[in-house]
file data-v4.cif (mmCIF, C-alpha atoms and all ligand atoms)
data_my_file
#
loop_
_atom_site.group_PDB
_atom_site.id
_atom_site.type_symbol
_atom_site.label_atom_id
_atom_site.label_comp_id
_atom_site.auth_asym_id
_atom_site.auth_seq_id
_atom_site.Cartn_x
_atom_site.Cartn_y
_atom_site.Cartn_z
ATOM 1 C CA MET I 1 -1.579 -22.937 15.775
ATOM 2 C CA ARG I 2 -4.366 -23.704 13.379
ATOM 3 C CA PHE I 3 -4.030 -26.794 11.168
ATOM 4 C CA PHE I 4 -5.616 -27.776 7.873
ATOM 5 C CA ASP I 5 -4.695 -30.751 5.638
ATOM 6 C CA ARG I 6 -6.307 -31.806 2.387
ATOM 7 C CA ALA I 7 -5.521 -34.704 0.018
ATOM 8 C CA LEU I 8 -5.007 -33.822 -3.643
ATOM 9 C CA VAL I 9 -5.974 -35.988 -6.628
ATOM 10 C CA ASN I 10 -2.442 -37.196 -7.382
ATOM 11 C CA GLY I 11 -1.528 -38.796 -4.052
ATOM 12 C CA ARG I 12 0.012 -35.637 -2.661
ATOM 13 C CA SER I 13 -1.625 -33.360 -0.117
ATOM 14 C CA ILE I 14 -1.523 -29.753 0.944
ATOM 15 C CA ARG I 15 -0.850 -28.524 4.467
ATOM 16 C CA VAL I 16 -1.895 -25.117 5.802
ATOM 17 C CA ARG I 17 -0.769 -23.751 9.170
ATOM 18 C CA SER I 18 -1.795 -20.421 10.678
ATOM 19 C CA THR I 19 0.113 -19.364 13.783
ATOM 20 C CA GLU I 20 -1.182 -17.707 16.935
ATOM 21 C CA ARG I 21 0.412 -15.359 19.469
ATOM 22 C CA SER I 22 1.880 -18.274 21.467
ATOM 23 C CA ASP I 23 3.792 -19.450 18.373
ATOM 24 C CA GLY I 24 5.802 -16.202 18.392
ATOM 25 C CA ASP I 25 6.503 -13.269 16.118
ATOM 26 C CA PHE I 26 6.769 -13.995 12.387
ATOM 27 C CA SER I 27 7.250 -10.393 11.256
ATOM 28 C CA VAL I 28 10.061 -10.094 8.714
ATOM 29 C CA GLY I 29 11.664 -6.886 10.008
ATOM 30 C CA HIS I 30 14.389 -8.817 11.859
ATOM 31 C CA VAL I 31 15.184 -11.868 9.763
ATOM 32 C CA GLY I 32 17.632 -14.019 11.709
ATOM 33 C CA PRO I 33 18.203 -17.255 13.631
ATOM 34 C CA GLU I 34 15.300 -16.729 16.046
ATOM 35 C CA LEU I 35 12.810 -16.280 13.231
ATOM 36 C CA ASP I 36 14.365 -19.255 11.414
ATOM 37 C CA ALA I 37 13.814 -21.391 14.516
ATOM 38 C CA ARG I 38 10.179 -20.313 14.808
ATOM 39 C CA ARG I 39 9.669 -21.134 11.151
ATOM 40 C CA ARG I 40 11.262 -24.566 11.518
ATOM 41 C CA ALA I 41 8.865 -25.288 14.387
ATOM 42 C CA VAL I 42 5.977 -24.804 11.944
ATOM 43 C CA VAL I 43 7.526 -26.568 8.955
ATOM 44 C CA ASP I 44 11.176 -27.429 8.392
ATOM 45 C CA ARG I 45 11.696 -26.489 4.755
ATOM 46 C CA PRO I 46 12.634 -23.243 2.963
ATOM 47 C CA TRP I 47 10.029 -20.474 3.415
ATOM 48 C CA VAL I 48 9.110 -17.991 0.734
ATOM 49 C CA TRP I 49 8.152 -14.749 2.507
ATOM 50 C CA LEU I 50 7.269 -11.389 0.980
ATOM 51 C CA SER I 51 7.856 -7.689 1.647
ATOM 52 C CA GLN I 52 4.142 -6.979 1.660
ATOM 53 C CA GLU I 53 2.881 -3.611 0.447
ATOM 54 C CA HIS I 54 -0.918 -3.867 0.111
ATOM 55 C CA GLY I 55 -0.538 -4.088 -3.683
ATOM 56 C CA THR I 56 -1.290 -6.658 -6.355
ATOM 57 C CA SER I 57 2.114 -8.063 -7.313
ATOM 58 C CA CYS I 58 2.274 -11.854 -7.406
ATOM 59 C CA VAL I 59 5.591 -13.723 -7.481
ATOM 60 C CA ASP I 60 5.765 -17.023 -9.386
ATOM 61 C CA VAL I 61 8.451 -18.990 -7.557
ATOM 62 C CA ASP I 62 8.745 -21.453 -10.454
ATOM 63 C CA ASP I 63 9.905 -18.518 -12.619
ATOM 64 C CA VAL I 64 12.111 -16.490 -10.290
ATOM 65 C CA GLY I 65 13.462 -19.238 -8.016
ATOM 66 C CA LEU I 66 13.651 -19.344 -4.242
ATOM 67 C CA ASP I 67 16.239 -16.562 -3.921
ATOM 68 C CA GLY I 68 14.326 -14.308 -6.307
ATOM 69 C CA ALA I 69 11.059 -14.846 -4.478
ATOM 70 C CA ARG I 70 12.248 -14.458 -0.880
ATOM 71 C CA GLY I 71 11.590 -10.939 0.359
ATOM 72 C CA ALA I 72 10.182 -9.794 -2.988
ATOM 73 C CA ALA I 73 7.949 -6.710 -2.897
ATOM 74 C CA ALA I 74 4.641 -8.485 -3.470
ATOM 75 C CA ASP I 75 1.452 -9.592 -1.739
ATOM 76 C CA ALA I 76 1.032 -13.020 -3.305
ATOM 77 C CA SER I 77 3.199 -15.964 -4.261
ATOM 78 C CA VAL I 78 2.459 -18.999 -6.426
ATOM 79 C CA THR I 79 4.289 -22.264 -7.022
ATOM 80 C CA THR I 80 4.067 -25.905 -8.070
ATOM 81 C CA ARG I 81 7.282 -26.730 -6.208
ATOM 82 C CA THR I 82 7.067 -29.354 -3.475
ATOM 83 C CA ASP I 83 10.359 -28.465 -1.748
ATOM 84 C CA LEU I 84 9.338 -25.182 -0.101
ATOM 85 C CA ALA I 85 6.547 -23.401 1.768
ATOM 86 C CA LEU I 86 4.743 -20.168 0.843
ATOM 87 C CA SER I 87 4.049 -17.756 3.700
ATOM 88 C CA ILE I 88 2.207 -14.528 4.467
ATOM 89 C CA GLN I 89 2.461 -12.361 7.603
ATOM 90 C CA THR I 90 -0.641 -10.692 9.042
ATOM 91 C CA ALA I 91 -1.936 -8.981 12.157
ATOM 92 C CA ASP I 92 -5.536 -8.117 11.093
ATOM 93 C CA CYS I 93 -5.494 -8.479 7.316
ATOM 94 C CA ILE I 94 -6.736 -11.718 5.792
ATOM 95 C CA PRO I 95 -4.225 -14.485 5.120
ATOM 96 C CA LEU I 96 -5.435 -16.550 2.201
ATOM 97 C CA ALA I 97 -4.050 -19.935 1.144
ATOM 98 C CA LEU I 98 -5.165 -21.278 -2.229
ATOM 99 C CA TRP I 99 -4.617 -24.611 -3.944
ATOM 100 C CA SER I 100 -5.671 -26.519 -7.045
ATOM 101 C CA ASP I 101 -6.649 -30.184 -6.963
ATOM 102 C CA ASP I 102 -3.514 -31.018 -8.973
ATOM 103 C CA GLY I 103 -1.000 -29.123 -6.841
ATOM 104 C CA VAL I 104 -0.632 -25.445 -7.687
ATOM 105 C CA ILE I 105 -0.543 -23.421 -4.453
ATOM 106 C CA ALA I 106 -0.630 -19.730 -3.564
ATOM 107 C CA ALA I 107 -0.397 -17.515 -0.468
ATOM 108 C CA VAL I 108 -2.100 -14.115 -0.547
ATOM 109 C CA HIS I 109 -2.070 -11.112 1.808
ATOM 110 C CA ALA I 110 -5.477 -9.456 1.492
ATOM 111 C CA GLY I 111 -6.265 -6.367 3.495
ATOM 112 C CA TRP I 112 -9.035 -4.137 2.228
ATOM 113 C CA ARG I 113 -6.625 -2.183 0.015
ATOM 114 C CA GLY I 114 -5.286 -5.324 -1.648
ATOM 115 C CA LEU I 115 -8.784 -6.743 -1.951
ATOM 116 C CA GLU I 116 -9.995 -3.600 -3.678
ATOM 117 C CA ALA I 117 -6.906 -3.414 -5.906
ATOM 118 C CA GLY I 118 -7.537 -7.002 -7.047
ATOM 119 C CA VAL I 119 -4.709 -9.041 -5.492
ATOM 120 C CA ILE I 120 -6.888 -12.147 -5.154
ATOM 121 C CA GLU I 121 -7.774 -12.158 -8.838
ATOM 122 C CA VAL I 122 -4.130 -11.597 -9.817
ATOM 123 C CA ALA I 123 -3.062 -14.619 -7.751
ATOM 124 C CA ILE I 124 -5.848 -16.797 -9.111
ATOM 125 C CA ARG I 125 -5.068 -15.872 -12.731
ATOM 126 C CA SER I 126 -1.452 -16.753 -12.063
ATOM 127 C CA MET I 127 -2.534 -20.168 -10.763
ATOM 128 C CA GLN I 128 -4.856 -20.673 -13.719
ATOM 129 C CA ALA I 129 -1.946 -20.063 -16.090
ATOM 130 C CA GLN I 130 -0.608 -23.376 -14.744
ATOM 131 C CA THR I 131 -3.764 -25.430 -14.177
ATOM 132 C CA SER I 132 -7.385 -25.759 -15.204
ATOM 133 C CA ALA I 133 -8.216 -27.840 -12.105
ATOM 134 C CA PRO I 134 -10.724 -26.566 -9.517
ATOM 135 C CA LEU I 135 -9.367 -24.147 -6.901
ATOM 136 C CA SER I 136 -10.023 -24.063 -3.159
ATOM 137 C CA ALA I 137 -9.318 -21.577 -0.385
ATOM 138 C CA PHE I 138 -8.398 -21.350 3.301
ATOM 139 C CA ILE I 139 -9.325 -17.988 4.856
ATOM 140 C CA GLY I 140 -7.279 -17.511 8.030
ATOM 141 C CA PRO I 141 -7.940 -15.457 11.169
ATOM 142 C CA SER I 142 -8.387 -11.698 10.624
ATOM 143 C CA ILE I 143 -10.081 -8.733 12.233
ATOM 144 C CA GLY I 144 -13.828 -9.242 12.584
ATOM 145 C CA PRO I 145 -16.446 -6.635 11.672
ATOM 146 C CA GLU I 146 -17.396 -6.193 15.336
ATOM 147 C CA CYS I 147 -13.944 -4.620 15.877
ATOM 148 C CA TYR I 148 -13.350 -2.939 12.525
ATOM 149 C CA GLU I 149 -14.810 0.571 12.513
ATOM 150 C CA PHE I 150 -14.613 1.984 9.004
ATOM 151 C CA GLY I 151 -15.249 5.263 7.193
ATOM 152 C CA VAL I 152 -18.423 5.708 5.176
ATOM 153 C CA THR I 153 -16.733 6.901 1.973
ATOM 154 C CA ASP I 154 -14.462 3.872 1.653
ATOM 155 C CA LEU I 155 -17.269 1.569 2.761
ATOM 156 C CA ASP I 156 -19.684 2.877 0.120
ATOM 157 C CA ARG I 157 -17.089 2.347 -2.593
ATOM 158 C CA LEU I 158 -16.250 -1.184 -1.406
ATOM 159 C CA GLU I 159 -19.938 -2.066 -1.182
ATOM 160 C CA ALA I 160 -20.410 -1.081 -4.821
ATOM 161 C CA THR I 161 -17.818 -3.683 -5.811
ATOM 162 C CA PHE I 162 -18.217 -6.456 -3.234
ATOM 163 C CA GLY I 163 -21.893 -6.216 -2.300
ATOM 164 C CA PRO I 164 -23.919 -5.311 0.790
ATOM 165 C CA GLY I 165 -22.405 -8.150 2.866
ATOM 166 C CA ILE I 166 -19.341 -6.037 3.601
ATOM 167 C CA ARG I 167 -21.391 -3.406 5.464
ATOM 168 C CA ALA I 168 -21.480 -4.194 9.177
ATOM 169 C CA THR I 169 -21.643 -2.655 12.651
ATOM 170 C CA THR I 170 -19.104 -2.685 15.472
ATOM 171 C CA ASN I 171 -19.982 -3.860 18.976
ATOM 172 C CA ASP I 172 -20.403 -0.219 19.997
ATOM 173 C CA GLY I 173 -22.652 0.645 17.085
ATOM 174 C CA HIS I 174 -20.288 2.265 14.584
ATOM 175 C CA LEU I 175 -20.157 1.608 10.870
ATOM 176 C CA ALA I 176 -17.823 -1.335 10.167
ATOM 177 C CA LEU I 177 -16.195 -3.274 7.359
ATOM 178 C CA ASP I 178 -16.615 -7.051 7.073
ATOM 179 C CA VAL I 179 -13.510 -7.664 5.006
ATOM 180 C CA ARG I 180 -14.044 -11.438 5.167
ATOM 181 C CA ALA I 181 -17.362 -10.968 3.368
ATOM 182 C CA GLY I 182 -15.498 -9.080 0.649
ATOM 183 C CA VAL I 183 -12.992 -11.915 0.292
ATOM 184 C CA ARG I 184 -15.792 -14.501 0.171
ATOM 185 C CA SER I 185 -17.548 -12.462 -2.516
ATOM 186 C CA GLU I 186 -14.364 -12.272 -4.568
ATOM 187 C CA LEU I 187 -13.705 -16.024 -4.247
ATOM 188 C CA LEU I 188 -17.283 -16.791 -5.284
ATOM 189 C CA ARG I 189 -16.985 -14.514 -8.327
ATOM 190 C CA LEU I 190 -13.748 -16.253 -9.339
ATOM 191 C CA ASP I 191 -15.250 -19.740 -8.857
ATOM 192 C CA VAL I 192 -13.016 -20.732 -5.919
ATOM 193 C CA ALA I 193 -14.513 -23.041 -3.264
ATOM 194 C CA THR I 194 -13.946 -21.793 0.303
ATOM 195 C CA GLU I 195 -13.082 -24.845 2.433
ATOM 196 C CA VAL I 196 -12.087 -23.012 5.608
ATOM 197 C CA ASP I 197 -13.463 -19.644 6.697
ATOM 198 C CA ASP I 198 -11.903 -18.989 10.107
ATOM 199 C CA ASP I 199 -13.939 -16.344 11.925
ATOM 200 C CA ALA I 200 -11.560 -15.914 14.877
ATOM 201 C CA CYS I 201 -11.022 -12.176 15.364
ATOM 202 C CA THR I 202 -7.402 -11.028 15.669
ATOM 203 C CA ALA I 203 -8.512 -7.931 17.601
ATOM 204 C CA CYS I 204 -10.703 -9.461 20.333
ATOM 205 C CA ALA I 205 -10.085 -13.229 20.454
ATOM 206 C CA GLY I 206 -7.045 -12.737 22.700
ATOM 207 C CA ASN I 207 -4.618 -15.214 21.127
ATOM 208 C CA PHE I 208 -3.493 -13.128 18.119
ATOM 209 C CA PHE I 209 -1.390 -10.096 17.335
ATOM 210 C CA SER I 210 -3.446 -7.094 16.211
ATOM 211 C CA HIS I 211 -2.108 -3.985 14.536
ATOM 212 C CA ARG I 212 -5.384 -2.155 14.841
ATOM 213 C CA GLU I 213 -6.388 -3.061 18.397
ATOM 214 C CA ARG I 214 -3.027 -3.094 20.178
ATOM 215 C CA ALA I 215 -0.558 -1.558 17.675
ATOM 216 C CA ASP I 216 1.345 -4.866 17.765
ATOM 217 C CA THR I 217 4.361 -4.933 15.458
ATOM 218 C CA ALA I 218 4.513 -8.733 15.702
ATOM 219 C CA ARG I 219 2.785 -10.842 13.082
ATOM 220 C CA GLN I 220 1.108 -14.220 12.649
ATOM 221 C CA ALA I 221 2.255 -16.420 9.773
ATOM 222 C CA THR I 222 0.053 -18.438 7.466
ATOM 223 C CA VAL I 223 1.918 -21.113 5.491
ATOM 224 C CA ILE I 224 0.925 -23.526 2.720
ATOM 225 C CA TRP I 225 3.009 -26.317 1.240
ATOM 226 C CA ILE I 226 2.656 -29.540 -0.734
ATOM 227 C CA GLU I 227 3.491 -32.810 0.973
ATOM 228 C CA GLU I 228 4.623 -35.683 -1.240
ATOM 229 C CA ALA I 229 2.842 -39.004 -0.707
HETATM 230 ZN ZN ZN Y 1 -13.322 -8.720 17.266
#

call {"tool": "encode", "arguments": {"input": "data-v4.cif", "output": "structure tokens"}}
result
Amino acid sequence: MRFFDRALVNGRSIRVRSTERSDGDFSVGHVGPELDARRRAVVDRPWVWLSQEHGTSCVDVDDVGLDGARGAAADASVTTRTDLALSIQTADCIPLALWSDDGVIAAVHAGWRGLEAGVIEVAIRSMQAQTSAPLSAFIGPSIGPECYEFGVTDLDRLEATFGPGIRATTNDGHLALDVRAGVRSELLRLDVATEVDDDACTACAGNFFSHRERADTARQATVIWIEEA
């Protein structure tokens, strides 16, 4: 499991955890006691999880409540609540945890489709509706460009929006997408400071589930919550 803690300005702090293969399967297809136990081993508080669909919907847990947010069809969640954790499941896509210095947090599922559709901006605007404090980001493990062969048509279009940094080459010389570079470009444009940019590759590092490399149906979880002082 990958750990990240950061103190906030008001005596509270945020915690981010990103699981690995050895932490078990956090996919939400079979919600039940085994998944609950795996979640409790990461953090023992209610989890908000989403039915992710590579779109741009963002759930504000403060508005819809825990029951309304859990399992919602969305790819981002936002809250100021300190009694729960926000989670995202991934197996190659980028898990993004965001926070403001004064305690607004978000979890975002950003594959290339969501990135292009604008899910990161939607989540950030939702946070900025509740705070004007500076925002920071944790970019979790995802598929690296060396393993992410990509078609030229989609790549050309993405490059036009996110810049030449997204154009890469696989280990065996094929055209590739650097989706992390696209996320970094988007965060920079939206004035969000990237504090962690984890370059572990879910396809080739060996300790992650990968949809693309191994057709794994299991998922990693990335979780963010606010800890009271
Ligand atoms: Zn790789």

call {"tool": "closest_atom_pairs", "arguments": {"input": "data-v4.cif", "of": "range 82-125 of chain I", "to": "range 60-69 of chain I", "cutoff": "12 Å", "atoms": "all atoms listed in the file", "output": "JSON lines"}}
result
{"residue": "I:Thr82", "atom": "CA", "partner": "I:Asp62", "partner_atom": "CA", "distance": 10.7}
{"residue": "I:Asp83", "atom": "CA", "partner": "I:Leu66", "partner_atom": "CA", "distance": 10.0}
{"residue": "I:Leu84", "atom": "CA", "partner": "I:Leu66", "partner_atom": "CA", "distance": 8.4}
{"residue": "I:Ala85", "atom": "CA", "partner": "I:Leu66", "partner_atom": "CA", "distance": 10.2}
{"residue": "I:Leu86", "atom": "CA", "partner": "I:Val61", "partner_atom": "CA", "distance": 9.3}
{"residue": "I:Ser87", "atom": "CA", "partner": "I:Ala69", "partner_atom": "CA", "distance": 11.2}
{"residue": "I:Val104", "atom": "CA", "partner": "I:Asp62", "partner_atom": "CA", "distance": 10.6}
{"residue": "I:Ile105", "atom": "CA", "partner": "I:Asp60", "partner_atom": "CA", "distance": 10.2}
{"residue": "I:Ala106", "atom": "CA", "partner": "I:Asp60", "partner_atom": "CA", "distance": 9.1}
{"residue": "I:Ala107", "atom": "CA", "partner": "I:Asp60", "partner_atom": "CA", "distance": 10.9}
{"residue": "I:Val122", "atom": "CA", "partner": "I:Asp60", "partner_atom": "CA", "distance": 11.3}
{"residue": "I:Ala123", "atom": "CA", "partner": "I:Asp60", "partner_atom": "CA", "distance": 9.3}
{"residue": "I:Ile124", "atom": "CA", "partner": "I:Asp60", "partner_atom": "CA", "distance": 11.6}
{"residue": "I:Arg125", "atom": "CA", "partner": "I:Asp60", "partner_atom": "CA", "distance": 11.4}

call {"tool": "resolve_selection", "arguments": {"input": "data-v4.cif", "expression": "the PyMOL selection byres (((not hetatm)) within 7 of (chain Y and resi 1))", "output": "PyMOL selection string"}}
result
chain I and resi 143-147+201-205

call {"tool": "closest_atom_pairs", "arguments": {"input": "data-v4.cif", "of": "range 60-142 of chain I", "to": "range 7-25 of chain I", "cutoff": "9 Å", "atoms": "all atoms listed in the file", "output": "JSON lines"}}
result
{"residue": "I:Pro95", "atom": "CA", "partner": "I:Ser18", "partner_atom": "CA", "distance": 8.5}
{"residue": "I:Ala97", "atom": "CA", "partner": "I:Val16", "partner_atom": "CA", "distance": 7.3}
{"residue": "I:Trp99", "atom": "CA", "partner": "I:Ile14", "partner_atom": "CA", "distance": 7.7}
{"residue": "I:Ser100", "atom": "CA", "partner": "I:Leu8", "partner_atom": "CA", "distance": 8.1}
{"residue": "I:Asp101", "atom": "CA", "partner": "I:Leu8", "partner_atom": "CA", "distance": 5.2}
{"residue": "I:Asp102", "atom": "CA", "partner": "I:Val9", "partner_atom": "CA", "distance": 6.0}
{"residue": "I:Gly103", "atom": "CA", "partner": "I:Leu8", "partner_atom": "CA", "distance": 7.0}
{"residue": "I:Ile105", "atom": "CA", "partner": "I:Ile14", "partner_atom": "CA", "distance": 8.4}
{"residue": "I:Phe138", "atom": "CA", "partner": "I:Val16", "partner_atom": "CA", "distance": 7.9}
{"residue": "I:Gly140", "atom": "CA", "partner": "I:Ser18", "partner_atom": "CA", "distance": 6.7}
{"residue": "I:Pro141", "atom": "CA", "partner": "I:Ser18", "partner_atom": "CA", "distance": 7.9}

call {"tool": "atom_distance", "arguments": {"input": "data-v4.cif", "atom1": "CA of Thr170 in chain I", "atom2": "CA of Glu121 in chain I"}}
result
28.4 Å

call {"tool": "atom_distance", "arguments": {"input": "data-v4.cif", "atom1": "CA of Thr217 in chain I", "atom2": "CA of Trp47 in chain I"}}
result
20.5 Å

call {"tool": "atom_distance", "arguments": {"input": "data-v4.cif", "atom1": "CA of Ala215 in chain I", "atom2": "CA of Ser27 in chain I"}}
result
13.4 Å

call {"tool": "resolve_selection", "arguments": {"input": "data-v4.cif", "expression": "the PyMOL selection byres (((chain I and resi 195) around 8) and not hetatm)", "output": "PDB file with C-alpha atoms, keeping the file's coordinate frame"}}
result
ATOM      1  CA  SER I 136     -10.023 -24.063  -3.159  1.00  0.00           C
ATOM      2  CA  ALA I 137      -9.318 -21.577  -0.385  1.00  0.00           C
ATOM      3  CA  PHE I 138      -8.398 -21.350   3.301  1.00  0.00           C
ATOM      4  CA  ALA I 193     -14.513 -23.041  -3.264  1.00  0.00           C
ATOM      5  CA  THR I 194     -13.946 -21.793   0.303  1.00  0.00           C
ATOM      6  CA  VAL I 196     -12.087 -23.012   5.608  1.00  0.00           C
ATOM      7  CA  ASP I 197     -13.463 -19.644   6.697  1.00  0.00           C
TER       8      ASP I 197
END

call {"tool": "closest_residue", "arguments": {"input": "data-v4.cif", "among": "I:Ser51, I:Ser57, I:Gln89, I:Ser142", "to": "Asp199 in chain I", "atoms": "only C-alpha atoms"}}
result
I:Ser142

call {"tool": "closest_residue", "arguments": {"input": "data-v4.cif", "among": "I:Ala129, I:Ile94, I:His54, I:Gly206", "to": "Ala181 in chain I", "atoms": "all atoms listed in the file"}}
result
I:Ile94

call {"tool": "residues_around", "arguments": {"input": "data-v4.cif", "residues": "Leu50 in chain I", "least_positions_apart": "3", "cutoff": "7 Å", "atoms": "only C-alpha atoms", "output": "ChimeraX atom specification"}}
result
/I:70-75,88

call {"tool": "residues_around", "arguments": {"input": "data-v4.cif", "residues": "Glu159 in chain I", "least_positions_apart": "5", "cutoff": "12 Å", "atoms": "only C-alpha atoms", "output": "list in words"}}
result
Trp112, Glu116, Val152, Thr153, Asp154, Pro164, Gly165, Ile166, Arg167, Ala168, Ala176, Leu177, Asp178, Val179, Ala181, Gly182 and Ser185 of chain I

call {"tool": "closest_residue", "arguments": {"input": "data-v4.cif", "among": "I:Arg189, I:Phe26, I:Glu228, I:Arg81", "to": "Arg40 in chain I", "atoms": "only C-alpha atoms"}}
result
I:Phe26

call {"tool": "closest_residue", "arguments": {"input": "data-v4.cif", "among": "I:Arg184, I:Leu35, I:Gln52, I:Glu213", "to": "Gly163 in chain I", "atoms": "only C-alpha atoms"}}
result
I:Arg184

call {"tool": "resolve_selection", "arguments": {"input": "data-v4.cif", "expression": "the PyMOL selection byres (((chain I and resi 110) around 6) and not hetatm)", "output": "PyMOL selection string"}}
result
chain I and resi 93-94+109+111+114-115

call {"tool": "build_atoms", "arguments": {"input": "data-v4.cif", "residues": "range 6-20 of chain I", "atoms": "N, CA, C and O atoms", "output": "PDB file, in the frame of the given file"}}
result
ATOM      1  N   ARG I   6      -5.353 -31.334   3.397  1.00  0.00           N
ATOM      2  CA  ARG I   6      -6.307 -31.806   2.387  1.00  0.00           C
ATOM      3  C   ARG I   6      -5.565 -32.655   1.357  1.00  0.00           C
ATOM      4  O   ARG I   6      -4.528 -32.234   0.825  1.00  0.00           O
ATOM      5  N   ALA I   7      -6.105 -33.848   1.047  1.00  0.00           N
ATOM      6  CA  ALA I   7      -5.521 -34.704   0.018  1.00  0.00           C
ATOM      7  C   ALA I   7      -5.804 -34.120  -1.359  1.00  0.00           C
ATOM      8  O   ALA I   7      -6.885 -33.581  -1.605  1.00  0.00           O
ATOM      9  N   LEU I   8      -4.829 -34.232  -2.257  1.00  0.00           N
ATOM     10  CA  LEU I   8      -5.007 -33.822  -3.643  1.00  0.00           C
ATOM     11  C   LEU I   8      -5.289 -35.059  -4.495  1.00  0.00           C
ATOM     12  O   LEU I   8      -5.249 -36.186  -3.999  1.00  0.00           O
ATOM     13  N   VAL I   9      -5.560 -34.862  -5.781  1.00  0.00           N
ATOM     14  CA  VAL I   9      -5.974 -35.988  -6.628  1.00  0.00           C
ATOM     15  C   VAL I   9      -4.812 -36.907  -7.001  1.00  0.00           C
ATOM     16  O   VAL I   9      -5.027 -38.038  -7.408  1.00  0.00           O
ATOM     17  N   ASN I  10      -3.580 -36.434  -6.868  1.00  0.00           N
ATOM     18  CA  ASN I  10      -2.442 -37.196  -7.382  1.00  0.00           C
ATOM     19  C   ASN I  10      -1.615 -37.854  -6.282  1.00  0.00           C
ATOM     20  O   ASN I  10      -0.435 -38.131  -6.471  1.00  0.00           O
ATOM     21  N   GLY I  11      -2.227 -38.107  -5.135  1.00  0.00           N
ATOM     22  CA  GLY I  11      -1.528 -38.796  -4.052  1.00  0.00           C
ATOM     23  C   GLY I  11      -0.772 -37.857  -3.136  1.00  0.00           C
ATOM     24  O   GLY I  11      -0.332 -38.260  -2.070  1.00  0.00           O
ATOM     25  N   ARG I  12      -0.612 -36.615  -3.552  1.00  0.00           N
ATOM     26  CA  ARG I  12       0.012 -35.637  -2.661  1.00  0.00           C
ATOM     27  C   ARG I  12      -1.073 -34.983  -1.806  1.00  0.00           C
ATOM     28  O   ARG I  12      -2.256 -35.266  -1.960  1.00  0.00           O
ATOM     29  N   SER I  13      -0.649 -34.096  -0.910  1.00  0.00           N
ATOM     30  CA  SER I  13      -1.625 -33.360  -0.117  1.00  0.00           C
ATOM     31  C   SER I  13      -1.086 -31.969   0.162  1.00  0.00           C
ATOM     32  O   SER I  13       0.114 -31.722   0.027  1.00  0.00           O
ATOM     33  N   ILE I  14      -1.973 -31.083   0.534  1.00  0.00           N
ATOM     34  CA  ILE I  14      -1.523 -29.753   0.944  1.00  0.00           C
ATOM     35  C   ILE I  14      -1.686 -29.633   2.453  1.00  0.00           C
ATOM     36  O   ILE I  14      -2.544 -30.264   3.065  1.00  0.00           O
ATOM     37  N   ARG I  15      -0.802 -28.828   3.043  1.00  0.00           N
ATOM     38  CA  ARG I  15      -0.850 -28.524   4.467  1.00  0.00           C
ATOM     39  C   ARG I  15      -0.931 -27.005   4.600  1.00  0.00           C
ATOM     40  O   ARG I  15      -0.186 -26.290   3.920  1.00  0.00           O
ATOM     41  N   VAL I  16      -1.817 -26.549   5.476  1.00  0.00           N
ATOM     42  CA  VAL I  16      -1.895 -25.117   5.802  1.00  0.00           C
ATOM     43  C   VAL I  16      -1.750 -24.989   7.315  1.00  0.00           C
ATOM     44  O   VAL I  16      -2.381 -25.741   8.074  1.00  0.00           O
ATOM     45  N   ARG I  17      -0.914 -24.046   7.743  1.00  0.00           N
ATOM     46  CA  ARG I  17      -0.769 -23.751   9.170  1.00  0.00           C
ATOM     47  C   ARG I  17      -0.891 -22.246   9.345  1.00  0.00           C
ATOM     48  O   ARG I  17      -0.321 -21.473   8.568  1.00  0.00           O
ATOM     49  N   SER I  18      -1.631 -21.839  10.385  1.00  0.00           N
ATOM     50  CA  SER I  18      -1.795 -20.421  10.678  1.00  0.00           C
ATOM     51  C   SER I  18      -1.437 -20.241  12.149  1.00  0.00           C
ATOM     52  O   SER I  18      -2.069 -20.828  13.024  1.00  0.00           O
ATOM     53  N   THR I  19      -0.399 -19.449  12.417  1.00  0.00           N
ATOM     54  CA  THR I  19       0.113 -19.364  13.783  1.00  0.00           C
ATOM     55  C   THR I  19      -0.729 -18.429  14.641  1.00  0.00           C
ATOM     56  O   THR I  19      -1.513 -17.615  14.128  1.00  0.00           O
ATOM     57  N   GLU I  20      -0.527 -18.569  15.961  1.00  0.00           N
ATOM     58  CA  GLU I  20      -1.182 -17.707  16.935  1.00  0.00           C
ATOM     59  C   GLU I  20      -0.095 -17.010  17.760  1.00  0.00           C
ATOM     60  O   GLU I  20       1.089 -17.291  17.594  1.00  0.00           O
TER      61      GLU I  20
END
